[in-house]
Amino acid sequence: MTAPLDPITLPLPDDAQQEGEWLRSVLLRWLNAEYLPEPANEAIAERVAQVFTRQRMEGEEDLGSLVMAILTELQAFDFSQSFYGEFTVANAVGDLICDRLGIDRCCGRSSTLNAKEV
């Protein structure tokens with residue numbers, strides 16, 4: 001039997017707004033690179049950044065909880081003009097944050113963005 005994975009705890013933010021802006025820009029770059037650039041990508045990245053910033057300002061440090069909060073908030077988002085859905089976007093956020101922290105995420109690695117660009 002394998003042991004459960006340890007939670008990933010993010011360091012306290014120096015500036016939650018700046019972190020949110022970083023996430024908005026890198027997520028938008030990922031969304032545009034993964035399929036096609038489309039107008040909905042800007043709105044998706046902006047909404048994710050708002051949720052992420054709010055959660056960080058409220059003291060959330062657990063990556064899993066952050067991803068779940070983003071997923072929950074995105075369930076009310078209209079993805080009808082997008083190739084994406086809330087699960088894809090929330091998972092991408094987790095991957096991008098892991099890349100930024102230098103955490104190897106192994107087999108699920110996307111080749112769209114180089115981890116050094118994140």
# chains A, B, ... in the order shown; residues from 1 in each chain; ligands from 1
$ residues_around --residues "Leu27 in chain A" --least-positions-apart "6" --cutoff "9 Å" --atoms "only C-alpha atoms" --output "list in words"
Asn41, Ile44, Ala45, Val48, Ala49, Val89, Ala92, Val93 and Leu96 of chain A
$ residues_around --residues "range 4-13 of chain A" --least-positions-apart "6" --cutoff "6 Å" --atoms "only C-alpha atoms" --output "count of residues only"
3
$ select_by_dssp --residues "chain A" --states "helix (DSSP H, G or I)" --output "ChimeraX atom specification"
/A:16-34,39-57,63-74,86-101,106-108,115-117
$ residues_around --residues "Leu31 in chain A" --least-positions-apart "6" --cutoff "12 Å" --atoms "only C-alpha atoms" --output "list in words"
Leu23, Arg24, Ser25, Pro37, Glu38, Pro39, Ala40, Asn41, Glu42, Ala43, Ile44, Ala45, Glu46, Ser82, Phe83, Tyr84, Gly85, Thr88, Val89, Ala90, Ala92, Val93, Leu96, Ser110, Thr112 and Leu113 of chain A
$ residues_around --residues "range 65-72 of chain A" --least-positions-apart "5" --cutoff "9 Å" --atoms "only C-alpha atoms" --output "PyMOL selection string"
chain A and resi 47-48+51-52+55-56+60+86-87+89-91+93-94
$ atom_distance --atom1 "CA of Phe77 in chain A" --atom2 "CA of Leu28 in chain A"
16.0 Å
$ closest_residue --among "A:Gln75, A:Thr53, A:Ser80, A:Asp104" --to "Trp22 in chain A" --atoms "only C-alpha atoms"
A:Thr53
